[in-house]
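What follows is a set of notes on a single structure, which appears directly below.
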Protein chains: 2
Amino acid sequence: MLNFNYYNPTHIVFGKDRLAELDNLVPKNIKVLILYGGGSVKKFKTLEKVIKSLPGRKIVEFGGIEVNPQYTTLLKAIKIVKNEKIDFLLAVGGGSVMDGTKFISLASHYEGDPKDLLARDFQPVPVKKALPIGTVVTLPATGSEMNSGAVISNDGSKFPVFSPLAFPKFSILDPTLTYTLPAIQVANGIVDTFIHTIEQYVTYPEEGRFQDRTAEGILKTLIEIGKKTIDNPRDYDARANLVWCATNGLNGLIGAGVPQDWTTHMIGHELTAMFGIDHGQTLAILQPSIWTVRKEQKWKKLLQYAQRVWDITKGDEESRIDEAIKKTREFFQELGINTNLGSYGVTHDKIDDIIKALDNQGLTALSETRDLSLEISRKILEDAMDIK
Amino acid sequence: MLNFNYYNPTHIVFGKDRLAELDNLVPKNIKVLILYGGGSVKKFKTLEKVIKSLPGRKIVEFGGIEVNPQYTTLLKAIKIVKNEKIDFLLAVGGGSVMDGTKFISLASHYEGDPKDLLARDFQPVPVKKALPIGTVVTLPATGSEMNSGAVISNDGSKFPVFSPLAFPKFSILDPTLTYTLPAIQVANGIVDTFIHTIEQYVTYPEEGRFQDRTAEGILKTLIEIGKKTIDNPRDYDARANLVWCATNGLNGLIGAGVPQDWTTHMIGHELTAMFGIDHGQTLAILQPSIWTVRKEQKWKKLLQYAQRVWDITKGDEESRIDEAIKKTREFFQELGINTNLGSYGVTHDKIDDIIKALDNQGLTALSETRDLSLEISRKILEDAMDIK
């Protein structure tokens, strides 16, 4: 097991009918900026209920944080925070709203150009103070509700932003608030959680037995309840298990003390930035092809994944691995996500552009062993294009 | 899944050679009381290394916190804290030292009689401020390094003490610091972790899929590495997995959102108080007999445990459950722990006294369903006495 630090101070408030506790969780007599995305929090009255649970606070609203939150949009919120002397930020939404809120929190106390906080190459941002954040989660997927990271979009690129100050003080996870999500968003959330878990698990063996078993538990749970929670959105227990798995898939727990490989997210971000493909879809497209091309490097963990997650025990090693890759792809497809890159309108001649974009971002040595070159990325994209 | 709150702000610093980080973790220019148990932290120079890692702090020492930390001993430390105006408590040891230190932390800021903080019937203690605590863990077992509870002994009884203020600020978990432990202490630690996990897992089904899988992961890991880490104490990875499982077995993670049954600990505490049987031993004695007597109430989870933890899939349901109970007992025995109550010198005629003690403690309706009466406790003790 590798040495590690684990620290996660977010207070999780999980379950049915927990919104009323906002009154205990948010300080009294302060000015709160509530941040949200599109109209669904209004349409389904989540916003109304949130505001009702915050008597005595001055409430300011900022809507319109888009999927893949844009730097320029967030700048507007930062202006409001400063002008209105906001004391507390409350994100009501999914990963994009939470990520955007984290950036606003960090940038509000940063003296320089907020743009400095992007392109930090995975180093924590140089911020010593941040506005406190709470979240009300309406979409299980990114794990942002219990971690210290965010992904911010600017000029067609995505930038990871980290700071230990970005942990939400609390996150309310009420699975019933997610009942009204469109099926595709739930499917994307399932895939996002699945791949977060994979990226901390299918690397090389490092004797993280607790971490491996916990990762396998998340994967098996998603396989058990994935289709079910899409088909029966009001099945509380299925949805609750998805919500709690999404949080634990990216709160630091399963990645502590083991190697990590964020290749799928890194290449996927480019596909979203260039072609507007949903984040979850990009991951479902790429993961099986990454494994096909990188079978040798991930041999032992792929075998473990085949056996423990999919109960594949027969056949020679390679056929067991191939079967696990096939089953993974089928799982994504059953959730309603097409795993062929071409089906999203991306043509073969675009691969050069994608490789150029990866090069521009410095993503020339990906994976847990830093040997996944642009040439290998090209093979992965070609495989994802050709797959049936 | 049940509604739950999950909050755990302890910063874990895990791995080889992490003691030097104490200098960053403990505030500068303050007065630190270092608390420990017997002579082993001196003999193996852990204490010396700890002090060397704290340059510039005034160090006061308090040794002699016994196994099952005694209220009267802790009162002496509280006096020192007040007289010396201590700013920070650093526990160097196992569960008893950490638990004792938590009590000292809470009592140091309590105006009334510290005895009020015992016998709270699992309610948090009425304390609004506490001294900050750090820990350096030398014995993996209780999980105290990452939770807000303690068990304090007084007048032959054990009292659970809880407060959200009792979370350590940090805990250093260096598996190499545990290499010198006697085999029986490691075995007791493995059993303690195993039973903590069982008590949050073998109850009734409540659709906590992530929690169940994570619990099963801890149990399977302990089965895989238990005997190995006793026989090869310097096998780093085996020991690291034990240490990390011990922490995760009782940091709130696997118990969030699912029923819990602390019967084994409750009856076990009486056996320790009355006969001086090691805490881990009492658990190994009781658990198989509790299951034998309470098979019907725990039927579904025992079947799940048999299948997922022990891979028992053949035979009728009852025979699978019986096989799982047998395998559990054999696992404890392989670790070197006798599971027959009589073998510790407890005779049949003492059962009346144990029942009387449980009655005095108000432990008359135990288990997740609160229907485990004194009469059922008697059956459990009789079964544990008769077992071969």
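Every chain in the structure tokens has a letter given in the order shown (A, B, ...), and although residue numbers restart at 1 in each chain, ligands are simply numbered from 1 in the order shown.
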Mind fitting chain A onto chain B over all Cα atoms in sequence order and sending the result as a short mmCIF file (atom, residue, chain, number, x, y, z; two decimals) with C-alpha atoms, in the first residue's frame?
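Below is the file result_20.cif, written as the result:
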```
data_model
loop_
_atom_site.label_atom_id
_atom_site.label_comp_id
_atom_site.auth_asym_id
_atom_site.auth_seq_id
_atom_site.Cartn_x
_atom_site.Cartn_y
_atom_site.Cartn_z
CA MET A 1 -31.54 2.68 3.37
CA LEU A 2 -32.09 4.56 6.60
CA ASN A 3 -31.57 8.33 6.84
CA PHE A 4 -28.18 9.21 8.29
CA ASN A 5 -25.63 11.90 9.07
CA TYR A 6 -21.98 11.24 8.34
CA TYR A 7 -19.26 13.55 9.55
CA ASN A 8 -15.65 12.65 10.16
CA PRO A 9 -13.06 15.44 10.10
CA THR A 10 -10.02 13.46 11.32
CA HIS A 11 -6.98 13.91 9.11
CA ILE A 12 -5.37 10.49 8.53
CA VAL A 13 -1.63 10.42 7.90
CA PHE A 14 -0.92 6.86 6.81
CA GLY A 15 2.25 4.99 5.94
CA LYS A 16 5.90 4.43 6.60
CA ASP A 17 8.03 7.09 8.27
CA ARG A 18 5.29 9.64 8.85
CA LEU A 19 6.21 10.67 12.43
CA ALA A 20 8.27 13.63 11.22
CA GLU A 21 5.04 15.27 10.05
CA LEU A 22 4.04 15.84 13.65
CA ASP A 23 5.95 19.09 13.35
CA ASN A 24 3.41 20.31 10.74
CA LEU A 25 0.39 18.79 12.44
CA VAL A 26 0.83 20.05 16.00
CA PRO A 27 0.67 23.85 16.47
CA LYS A 28 3.98 25.54 17.27
CA ASN A 29 4.94 27.24 20.54
CA ILE A 30 2.43 25.42 22.71
CA LYS A 31 2.41 23.03 25.62
CA VAL A 32 1.72 19.42 24.67
CA LEU A 33 0.76 16.60 27.02
CA ILE A 34 1.89 13.28 25.57
CA LEU A 35 -0.16 10.37 26.92
CA TYR A 36 0.80 6.74 26.79
CA GLY A 37 0.25 3.39 28.45
CA GLY A 38 2.94 1.04 29.64
CA GLY A 39 6.62 0.95 28.86
CA SER A 40 6.54 -0.32 25.28
CA VAL A 41 6.50 3.14 23.67
CA LYS A 42 9.67 3.85 25.63
CA LYS A 43 11.26 0.46 25.03
CA PHE A 44 10.76 0.66 21.26
CA LYS A 45 11.70 4.37 21.16
CA THR A 46 8.40 5.52 19.66
CA LEU A 47 8.08 8.13 22.41
CA GLU A 48 11.61 9.37 21.80
CA LYS A 49 10.92 9.77 18.07
CA VAL A 50 7.65 11.56 18.77
CA ILE A 51 9.31 14.07 21.09
CA LYS A 52 12.10 14.62 18.58
CA SER A 53 9.45 15.47 15.97
CA LEU A 54 8.04 18.26 18.14
CA PRO A 55 10.82 20.82 18.42
CA GLY A 56 9.94 24.09 20.13
CA ARG A 57 6.94 22.74 22.06
CA LYS A 58 6.92 22.36 25.82
CA ILE A 59 6.39 18.65 26.44
CA VAL A 60 4.75 17.14 29.50
CA GLU A 61 4.34 13.37 29.76
CA PHE A 62 1.64 11.24 31.34
CA GLY A 63 2.21 7.50 31.24
CA GLY A 64 0.40 4.61 32.84
CA ILE A 65 -2.99 4.70 31.14
CA GLU A 66 -4.00 1.09 31.59
CA VAL A 67 -5.78 -1.35 29.30
CA ASN A 68 -9.45 -0.48 29.85
CA PRO A 69 -8.59 3.07 30.93
CA GLN A 70 -9.65 3.78 34.51
CA TYR A 71 -11.55 6.91 35.43
CA THR A 72 -9.38 7.45 38.51
CA THR A 73 -6.18 7.38 36.43
CA LEU A 74 -7.62 9.86 33.97
CA LEU A 75 -8.55 12.24 36.79
CA LYS A 76 -4.84 12.58 37.54
CA ALA A 77 -4.14 13.59 33.96
CA ILE A 78 -6.99 16.11 34.03
CA LYS A 79 -5.35 17.72 37.05
CA ILE A 80 -2.07 18.03 35.15
CA VAL A 81 -3.86 19.52 32.14
CA LYS A 82 -5.37 22.21 34.35
CA ASN A 83 -2.29 22.90 36.48
CA GLU A 84 0.10 22.98 33.56
CA LYS A 85 -2.26 24.83 31.24
CA ILE A 86 -1.87 22.23 28.48
CA ASP A 87 -2.85 23.30 24.94
CA PHE A 88 -2.81 20.01 23.07
CA LEU A 89 -3.11 16.30 23.88
CA LEU A 90 -1.10 13.75 21.93
CA ALA A 91 -2.06 10.11 22.51
CA VAL A 92 0.68 7.61 21.67
CA GLY A 93 -0.71 4.10 21.96
CA GLY A 94 -3.72 1.94 21.22
CA GLY A 95 -7.43 2.22 21.90
CA SER A 96 -7.12 2.56 25.66
CA VAL A 97 -4.70 5.47 25.48
CA MET A 98 -6.75 7.17 22.75
CA ASP A 99 -10.02 6.63 24.60
CA GLY A 100 -8.53 7.89 27.85
CA THR A 101 -7.15 10.94 26.06
CA LYS A 102 -10.58 11.72 24.60
CA PHE A 103 -12.09 11.64 28.08
CA ILE A 104 -9.36 13.93 29.42
CA SER A 105 -9.96 16.31 26.50
CA LEU A 106 -13.69 16.50 27.20
CA ALA A 107 -13.44 16.62 31.00
CA SER A 108 -10.79 19.36 30.99
CA HIS A 109 -13.33 21.92 29.87
CA TYR A 110 -16.26 20.58 31.88
CA GLU A 111 -17.17 22.65 34.91
CA GLY A 112 -19.05 19.98 36.87
CA ASP A 113 -18.01 16.61 38.27
CA PRO A 114 -16.27 14.63 35.48
CA LYS A 115 -18.24 11.62 36.63
CA ASP A 116 -21.29 13.23 34.97
CA LEU A 117 -19.67 12.39 31.65
CA LEU A 118 -20.01 8.65 32.30
CA ALA A 119 -23.33 6.78 32.21
CA ARG A 120 -24.85 9.01 29.55
CA ASP A 121 -26.73 6.10 27.97
CA PHE A 122 -25.12 6.67 24.54
CA GLN A 123 -26.08 10.35 24.48
CA PRO A 124 -23.31 12.84 23.61
CA VAL A 125 -21.72 14.37 26.71
CA PRO A 126 -22.83 17.93 27.60
CA VAL A 127 -19.50 19.55 26.78
CA LYS A 128 -19.16 22.58 24.51
CA LYS A 129 -15.40 22.84 24.27
CA ALA A 130 -12.59 20.29 24.38
CA LEU A 131 -8.82 20.26 24.11
CA PRO A 132 -7.57 19.33 20.63
CA ILE A 133 -6.22 15.79 20.29
CA GLY A 134 -3.80 14.09 17.94
CA THR A 135 -2.90 10.41 17.98
CA VAL A 136 0.02 8.19 17.04
CA VAL A 137 -1.44 4.71 16.76
CA THR A 138 0.61 1.73 17.94
CA LEU A 139 -2.15 -0.90 18.01
CA PRO A 140 -4.76 -1.42 15.28
CA ALA A 141 -8.07 -2.44 16.83
CA THR A 142 -10.56 0.01 18.22
CA GLY A 143 -10.88 2.56 15.43
CA SER A 144 -10.66 5.23 18.14
CA GLU A 145 -8.15 7.12 15.96
CA MET A 146 -10.96 8.16 13.60
CA ASN A 147 -14.13 8.31 15.63
CA SER A 148 -15.75 10.35 18.35
CA GLY A 149 -16.26 7.67 20.98
CA ALA A 150 -14.41 6.25 23.97
CA VAL A 151 -15.00 3.50 26.50
CA ILE A 152 -14.02 4.37 30.07
CA SER A 153 -13.89 1.95 33.02
CA ASN A 154 -14.96 2.82 36.53
CA ASP A 155 -15.80 0.69 39.55
CA GLY A 156 -15.81 -2.49 37.48
CA SER A 157 -18.12 -1.15 34.77
CA LYS A 158 -17.49 0.19 31.28
CA PHE A 159 -19.05 3.44 30.06
CA PRO A 160 -19.29 4.56 26.43
CA VAL A 161 -18.55 8.29 26.07
CA PHE A 162 -19.43 10.20 22.87
CA SER A 163 -18.95 13.75 21.64
CA PRO A 164 -18.48 15.28 18.19
CA LEU A 165 -15.66 17.23 19.86
CA ALA A 166 -13.76 14.00 20.50
CA PHE A 167 -12.64 13.38 16.91
CA PRO A 168 -8.84 13.55 16.80
CA LYS A 169 -7.56 16.46 14.66
CA PHE A 170 -5.16 14.00 13.11
CA SER A 171 -4.04 10.41 13.50
CA ILE A 172 -0.71 9.05 12.35
CA LEU A 173 -1.04 5.44 11.26
CA ASP A 174 2.39 4.01 10.62
CA PRO A 175 2.01 0.22 10.35
CA THR A 176 5.71 -0.27 11.17
CA LEU A 177 5.09 1.13 14.68
CA THR A 178 2.94 -1.96 15.34
CA TYR A 179 5.58 -4.56 14.37
CA THR A 180 6.67 -5.11 17.97
CA LEU A 181 3.21 -5.95 19.34
CA PRO A 182 2.78 -9.34 21.02
CA ALA A 183 0.84 -11.82 18.85
CA ILE A 184 -2.11 -11.94 21.24
CA GLN A 185 -2.62 -8.17 21.00
CA VAL A 186 -2.61 -8.35 17.21
CA ALA A 187 -5.08 -11.25 17.34
CA ASN A 188 -7.33 -9.31 19.71
CA GLY A 189 -7.16 -6.32 17.37
CA ILE A 190 -8.17 -8.45 14.39
CA VAL A 191 -11.14 -9.85 16.30
CA ASP A 192 -12.16 -6.41 17.55
CA THR A 193 -12.17 -5.07 13.99
CA PHE A 194 -14.00 -8.14 12.72
CA ILE A 195 -16.74 -7.77 15.34
CA HIS A 196 -17.10 -3.99 14.89
CA THR A 197 -17.79 -4.75 11.27
CA ILE A 198 -20.18 -7.62 12.04
CA GLU A 199 -22.15 -5.43 14.46
CA GLN A 200 -22.92 -2.97 11.67
CA TYR A 201 -23.57 -5.66 9.08
CA VAL A 202 -25.20 -8.85 10.40
CA THR A 203 -28.57 -7.37 11.41
CA TYR A 204 -31.50 -7.33 8.95
CA PRO A 205 -31.50 -6.25 5.29
CA GLU A 206 -31.92 -2.49 4.87
CA GLU A 207 -30.70 -2.01 1.28
CA GLY A 208 -27.38 -0.50 2.30
CA ARG A 209 -25.57 -2.06 -0.62
CA PHE A 210 -22.45 0.11 -0.47
CA GLN A 211 -22.26 -0.37 3.29
CA ASP A 212 -22.72 -4.14 3.04
CA ARG A 213 -20.12 -4.56 0.30
CA THR A 214 -17.64 -2.39 2.20
CA ALA A 215 -18.23 -4.37 5.40
CA GLU A 216 -17.76 -7.62 3.48
CA GLY A 217 -14.54 -6.19 2.05
CA ILE A 218 -13.18 -5.57 5.54
CA LEU A 219 -14.18 -9.06 6.71
CA LYS A 220 -12.67 -10.78 3.67
CA THR A 221 -9.48 -8.75 4.06
CA LEU A 222 -9.16 -9.72 7.73
CA ILE A 223 -9.66 -13.37 6.82
CA GLU A 224 -7.00 -13.08 4.11
CA ILE A 225 -4.36 -11.29 6.16
CA GLY A 226 -5.22 -12.11 9.79
CA LYS A 227 -3.12 -15.19 10.36
CA LYS A 228 -0.48 -13.89 7.97
CA THR A 229 0.14 -10.67 9.88
CA ILE A 230 0.38 -12.53 13.19
CA ASP A 231 2.88 -15.02 11.76
CA ASN A 232 4.82 -12.38 9.79
CA PRO A 233 4.55 -9.17 11.78
CA ARG A 234 7.01 -7.35 9.50
CA ASP A 235 5.10 -8.05 6.30
CA TYR A 236 4.29 -4.39 5.63
CA ASP A 237 1.36 -4.85 3.27
CA ALA A 238 -0.44 -7.38 5.46
CA ARG A 239 -0.04 -5.13 8.51
CA ALA A 240 -1.00 -1.99 6.56
CA ASN A 241 -4.22 -3.67 5.47
CA LEU A 242 -5.03 -4.62 9.06
CA VAL A 243 -4.36 -1.07 10.25
CA TRP A 244 -6.54 0.54 7.59
CA CYS A 245 -9.33 -2.02 8.07
CA ALA A 246 -9.33 -1.38 11.82
CA THR A 247 -9.85 2.33 11.20
CA ASN A 248 -12.59 1.86 8.63
CA GLY A 249 -14.35 -0.74 10.74
CA LEU A 250 -15.41 1.92 13.22
CA ASN A 251 -15.23 5.37 11.69
CA GLY A 252 -18.94 5.61 10.89
CA LEU A 253 -18.63 4.66 7.23
CA ILE A 254 -20.08 1.15 7.19
CA GLY A 255 -22.70 1.90 9.85
CA ALA A 256 -24.23 4.94 8.15
CA GLY A 257 -27.77 4.24 7.00
CA VAL A 258 -28.03 0.66 8.26
CA PRO A 259 -29.22 -0.99 11.52
CA GLN A 260 -26.59 -1.75 14.16
CA ASP A 261 -26.43 -4.41 16.86
CA TRP A 262 -23.87 -3.83 19.62
CA THR A 263 -24.90 -6.86 21.70
CA THR A 264 -21.51 -8.53 21.43
CA HIS A 265 -19.68 -5.50 22.79
CA MET A 266 -22.24 -4.90 25.52
CA ILE A 267 -22.10 -8.41 26.97
CA GLY A 268 -18.37 -8.59 26.27
CA HIS A 269 -17.71 -5.48 28.37
CA GLU A 270 -19.23 -7.27 31.36
CA LEU A 271 -16.99 -10.30 30.84
CA THR A 272 -13.95 -8.04 30.81
CA ALA A 273 -15.10 -6.07 33.84
CA MET A 274 -15.94 -9.18 35.89
CA PHE A 275 -13.26 -11.67 34.84
CA GLY A 276 -10.52 -9.59 33.22
CA ILE A 277 -10.84 -11.44 29.91
CA ASP A 278 -9.26 -9.45 27.06
CA HIS A 279 -11.78 -7.36 25.12
CA GLY A 280 -11.02 -9.14 21.84
CA GLN A 281 -11.32 -12.54 23.50
CA THR A 282 -14.77 -11.73 24.91
CA LEU A 283 -15.97 -10.88 21.41
CA ALA A 284 -14.59 -14.10 19.92
CA ILE A 285 -16.29 -16.07 22.68
CA LEU A 286 -19.68 -14.41 22.27
CA GLN A 287 -20.24 -13.81 18.56
CA PRO A 288 -20.67 -17.43 17.39
CA SER A 289 -22.99 -18.17 20.31
CA ILE A 290 -25.05 -15.02 19.70
CA TRP A 291 -25.58 -16.19 16.13
CA THR A 292 -26.44 -19.70 17.21
CA VAL A 293 -29.13 -18.39 19.57
CA ARG A 294 -30.31 -15.54 17.28
CA LYS A 295 -30.16 -17.39 13.97
CA GLU A 296 -33.79 -16.73 13.13
CA GLN A 297 -33.63 -12.95 13.68
CA LYS A 298 -30.49 -12.61 11.55
CA TRP A 299 -31.35 -15.30 8.99
CA LYS A 300 -31.12 -13.25 5.81
CA LYS A 301 -27.96 -11.38 6.68
CA LEU A 302 -26.31 -14.56 7.98
CA LEU A 303 -27.07 -16.20 4.64
CA GLN A 304 -25.56 -13.21 2.85
CA TYR A 305 -22.53 -13.36 5.15
CA ALA A 306 -22.13 -17.09 4.46
CA GLN A 307 -22.23 -16.57 0.73
CA ARG A 308 -20.31 -13.36 0.24
CA VAL A 309 -17.70 -13.59 2.98
CA TRP A 310 -17.10 -17.34 3.14
CA ASP A 311 -18.23 -18.35 -0.39
CA ILE A 312 -20.61 -20.95 1.08
CA THR A 313 -23.23 -21.68 -1.56
CA LYS A 314 -24.10 -25.35 -1.12
CA GLY A 315 -26.59 -27.03 1.18
CA ASP A 316 -29.90 -25.80 2.59
CA GLU A 317 -30.11 -22.37 4.17
CA GLU A 318 -29.65 -23.47 7.77
CA SER A 319 -26.65 -25.63 7.00
CA ARG A 320 -25.05 -22.70 5.15
CA ILE A 321 -25.58 -20.48 8.18
CA ASP A 322 -24.22 -23.14 10.53
CA GLU A 323 -21.19 -23.55 8.32
CA ALA A 324 -20.55 -19.79 8.41
CA ILE A 325 -20.77 -19.76 12.21
CA LYS A 326 -18.36 -22.69 12.36
CA LYS A 327 -15.92 -21.02 9.99
CA THR A 328 -16.04 -17.80 11.98
CA ARG A 329 -15.20 -19.66 15.19
CA GLU A 330 -12.37 -21.51 13.45
CA PHE A 331 -11.00 -18.22 12.16
CA PHE A 332 -10.79 -16.83 15.70
CA GLN A 333 -9.20 -20.03 16.94
CA GLU A 334 -6.61 -19.98 14.16
CA LEU A 335 -5.62 -16.52 15.37
CA GLY A 336 -4.88 -18.13 18.72
CA ILE A 337 -8.03 -17.11 20.58
CA ASN A 338 -10.01 -19.69 22.50
CA THR A 339 -13.74 -19.25 21.97
CA ASN A 340 -14.95 -21.34 24.92
CA LEU A 341 -16.00 -19.18 27.87
CA GLY A 342 -15.19 -21.94 30.36
CA SER A 343 -11.58 -22.07 29.19
CA TYR A 344 -11.05 -18.64 30.79
CA GLY A 345 -11.93 -20.06 34.20
CA VAL A 346 -15.54 -18.88 34.17
CA THR A 347 -17.78 -21.54 35.70
CA HIS A 348 -21.48 -22.26 35.04
CA ASP A 349 -22.53 -20.85 38.40
CA LYS A 350 -21.14 -17.42 37.41
CA ILE A 351 -23.77 -16.96 34.71
CA ASP A 352 -26.25 -15.70 37.28
CA ASP A 353 -23.78 -13.00 38.30
CA ILE A 354 -23.23 -11.94 34.69
CA ILE A 355 -26.97 -11.70 34.12
CA LYS A 356 -27.31 -9.65 37.32
CA ALA A 357 -24.57 -7.29 36.11
CA LEU A 358 -26.28 -6.86 32.72
CA ASP A 359 -29.51 -6.12 34.57
CA ASN A 360 -27.79 -3.52 36.77
CA GLN A 361 -26.40 -1.83 33.65
CA GLY A 362 -29.87 -1.72 32.13
CA LEU A 363 -28.81 -4.06 29.32
CA THR A 364 -32.13 -5.90 29.31
CA ALA A 365 -33.25 -5.26 25.72
CA LEU A 366 -30.24 -5.56 23.44
CA SER A 367 -29.81 -6.01 19.66
CA GLU A 368 -30.95 -4.10 16.59
CA THR A 369 -34.56 -5.01 17.39
CA ARG A 370 -34.34 -4.40 21.16
CA ASP A 371 -35.80 -7.83 21.93
CA LEU A 372 -32.69 -9.58 23.24
CA SER A 373 -33.77 -10.12 26.84
CA LEU A 374 -31.74 -11.24 29.84
CA GLU A 375 -33.15 -14.72 29.28
CA ILE A 376 -31.68 -14.76 25.79
CA SER A 377 -28.36 -13.41 27.10
CA ARG A 378 -28.36 -16.37 29.49
CA LYS A 379 -28.81 -18.80 26.59
CA ILE A 380 -25.93 -17.14 24.74
CA LEU A 381 -23.63 -17.45 27.75
CA GLU A 382 -24.63 -21.09 28.23
CA ASP A 383 -23.93 -21.83 24.60
CA ALA A 384 -20.52 -20.13 24.86
CA MET A 385 -19.75 -22.22 27.95
CA ASP A 386 -20.68 -25.53 26.36
CA ILE A 387 -19.01 -25.10 23.00
CA LYS A 388 -16.02 -27.30 22.19
#
```
| query | Where does DSSP see helix (DSSP H, G or I) in stretch 3-247 of chain A, if you list the residues as an NGL selection string? | reply | :A and (19-25 or 40-43 or 46-52 or 71-83 or 95-107 or 114-117 or 144-146 or 164-166 or 175-178 or 183-199 or 209-231 or 236-247)
Can you spit out the residues from that selection as a compact mmCIF listing (two decimals), in the first residue's frame, using C-alpha atoms?
```txt
# COMPACT_ATOMS: atom_id res chain seq x y z
CA LEU A 19 -34.04 20.01 3.50
CA ALA A 20 -35.52 21.47 6.70
CA GLU A 21 -32.13 20.95 8.37
CA LEU A 22 -30.69 23.75 6.28
CA ASP A 23 -31.86 26.03 9.07
CA ASN A 24 -29.38 24.34 11.45
CA LEU A 25 -26.61 23.95 8.91
CA SER A 40 -35.51 22.49 -13.15
CA VAL A 41 -34.86 23.52 -9.53
CA LYS A 42 -37.60 26.10 -10.02
CA LYS A 43 -39.94 23.84 -11.96
CA THR A 46 -36.59 22.50 -4.91
CA LEU A 47 -35.44 26.13 -4.86
CA GLU A 48 -38.65 27.25 -3.20
CA LYS A 49 -38.26 24.61 -0.48
CA VAL A 50 -34.62 25.56 0.05
CA ILE A 51 -35.47 29.23 0.51
CA LYS A 52 -38.30 28.35 2.87
CA TYR A 71 -15.37 30.66 -16.41
CA THR A 72 -17.06 33.74 -17.86
CA THR A 73 -20.38 32.86 -16.21
CA LEU A 74 -18.68 32.33 -12.87
CA LEU A 75 -16.99 35.73 -13.10
CA LYS A 76 -20.44 37.31 -13.00
CA ALA A 77 -21.25 35.47 -9.78
CA ILE A 78 -17.93 36.52 -8.25
CA LYS A 79 -18.88 40.13 -8.94
CA ILE A 80 -22.18 39.65 -7.11
CA VAL A 81 -20.41 38.00 -4.18
CA LYS A 82 -18.14 41.02 -3.82
CA ASN A 83 -20.77 43.69 -4.44
CA GLY A 95 -21.71 18.59 -10.39
CA SER A 96 -21.57 21.64 -12.63
CA VAL A 97 -23.30 23.90 -10.13
CA MET A 98 -21.21 22.54 -7.25
CA ASP A 99 -17.97 22.85 -9.21
CA GLY A 100 -18.83 26.37 -10.31
CA THR A 101 -19.68 27.31 -6.73
CA LYS A 102 -16.32 25.99 -5.52
CA PHE A 103 -14.53 28.16 -8.05
CA ILE A 104 -16.56 31.21 -7.00
CA SER A 105 -15.74 30.46 -3.36
CA LEU A 106 -12.01 30.29 -4.05
CA ALA A 107 -11.84 33.21 -6.48
CA PRO A 114 -9.10 34.61 -11.22
CA LYS A 115 -7.73 33.10 -14.40
CA ASP A 116 -4.58 32.25 -12.41
CA LEU A 117 -6.66 29.62 -10.64
CA SER A 144 -18.29 17.05 -5.97
CA GLU A 145 -20.52 17.21 -2.88
CA MET A 146 -17.80 15.52 -0.81
CA PRO A 164 -8.49 21.82 0.62
CA LEU A 165 -10.64 24.92 1.22
CA ALA A 166 -13.13 23.73 -1.41
CA PRO A 175 -32.44 10.87 -3.20
CA THR A 176 -36.06 11.96 -3.74
CA LEU A 177 -34.81 15.30 -5.13
CA THR A 178 -33.33 13.34 -8.06
CA ALA A 183 -33.10 9.15 -17.88
CA ILE A 184 -30.03 10.18 -19.85
CA GLN A 185 -28.74 12.32 -16.96
CA VAL A 186 -29.16 9.42 -14.55
CA ALA A 187 -27.38 7.11 -17.02
CA ASN A 188 -24.53 9.61 -17.40
CA GLY A 189 -24.27 9.84 -13.61
CA ILE A 190 -24.05 6.06 -13.28
CA VAL A 191 -21.29 5.92 -15.88
CA ASP A 192 -19.43 8.83 -14.29
CA THR A 193 -19.47 7.06 -10.92
CA PHE A 194 -18.48 3.76 -12.51
CA ILE A 195 -15.49 5.33 -14.26
CA HIS A 196 -14.36 7.34 -11.22
CA THR A 197 -14.20 4.04 -9.41
CA ILE A 198 -12.43 2.25 -12.28
CA GLU A 199 -9.81 5.00 -12.48
CA ARG A 209 -7.22 -4.67 -0.23
CA PHE A 210 -9.77 -2.50 1.57
CA GLN A 211 -9.68 0.01 -1.28
CA ASP A 212 -10.09 -2.70 -3.94
CA ARG A 213 -12.97 -4.41 -2.15
CA THR A 214 -14.72 -1.08 -1.59
CA ALA A 215 -14.26 -0.13 -5.25
CA GLU A 216 -15.62 -3.52 -6.30
CA GLY A 217 -18.57 -2.96 -3.98
CA ILE A 218 -19.43 0.31 -5.73
CA LEU A 219 -19.10 -1.29 -9.17
CA LYS A 220 -21.23 -4.30 -8.25
CA THR A 221 -23.85 -2.02 -6.71
CA LEU A 222 -24.02 0.13 -9.85
CA ILE A 223 -24.42 -2.99 -11.98
CA GLU A 224 -27.20 -4.21 -9.69
CA ILE A 225 -29.17 -0.99 -9.48
CA GLY A 226 -28.16 0.97 -12.61
CA LYS A 227 -30.82 -0.12 -15.05
CA LYS A 228 -33.33 -0.48 -12.23
CA THR A 229 -33.04 3.13 -11.09
CA ILE A 230 -33.36 4.42 -14.64
CA ASP A 231 -36.47 2.32 -15.27
CA TYR A 236 -36.12 4.93 -3.21
CA ASP A 237 -33.60 2.26 -2.25
CA ALA A 238 -32.19 1.86 -5.75
CA ARG A 239 -31.80 5.63 -6.10
CA ALA A 240 -30.37 6.00 -2.58
CA ASN A 241 -27.71 3.42 -3.41
CA LEU A 242 -26.79 5.28 -6.59
CA VAL A 243 -26.54 8.58 -4.71
CA TRP A 244 -24.33 7.18 -1.95
CA CYS A 245 -22.13 5.28 -4.43
CA ALA A 246 -21.64 8.45 -6.48
CA THR A 247 -20.38 10.26 -3.38
```
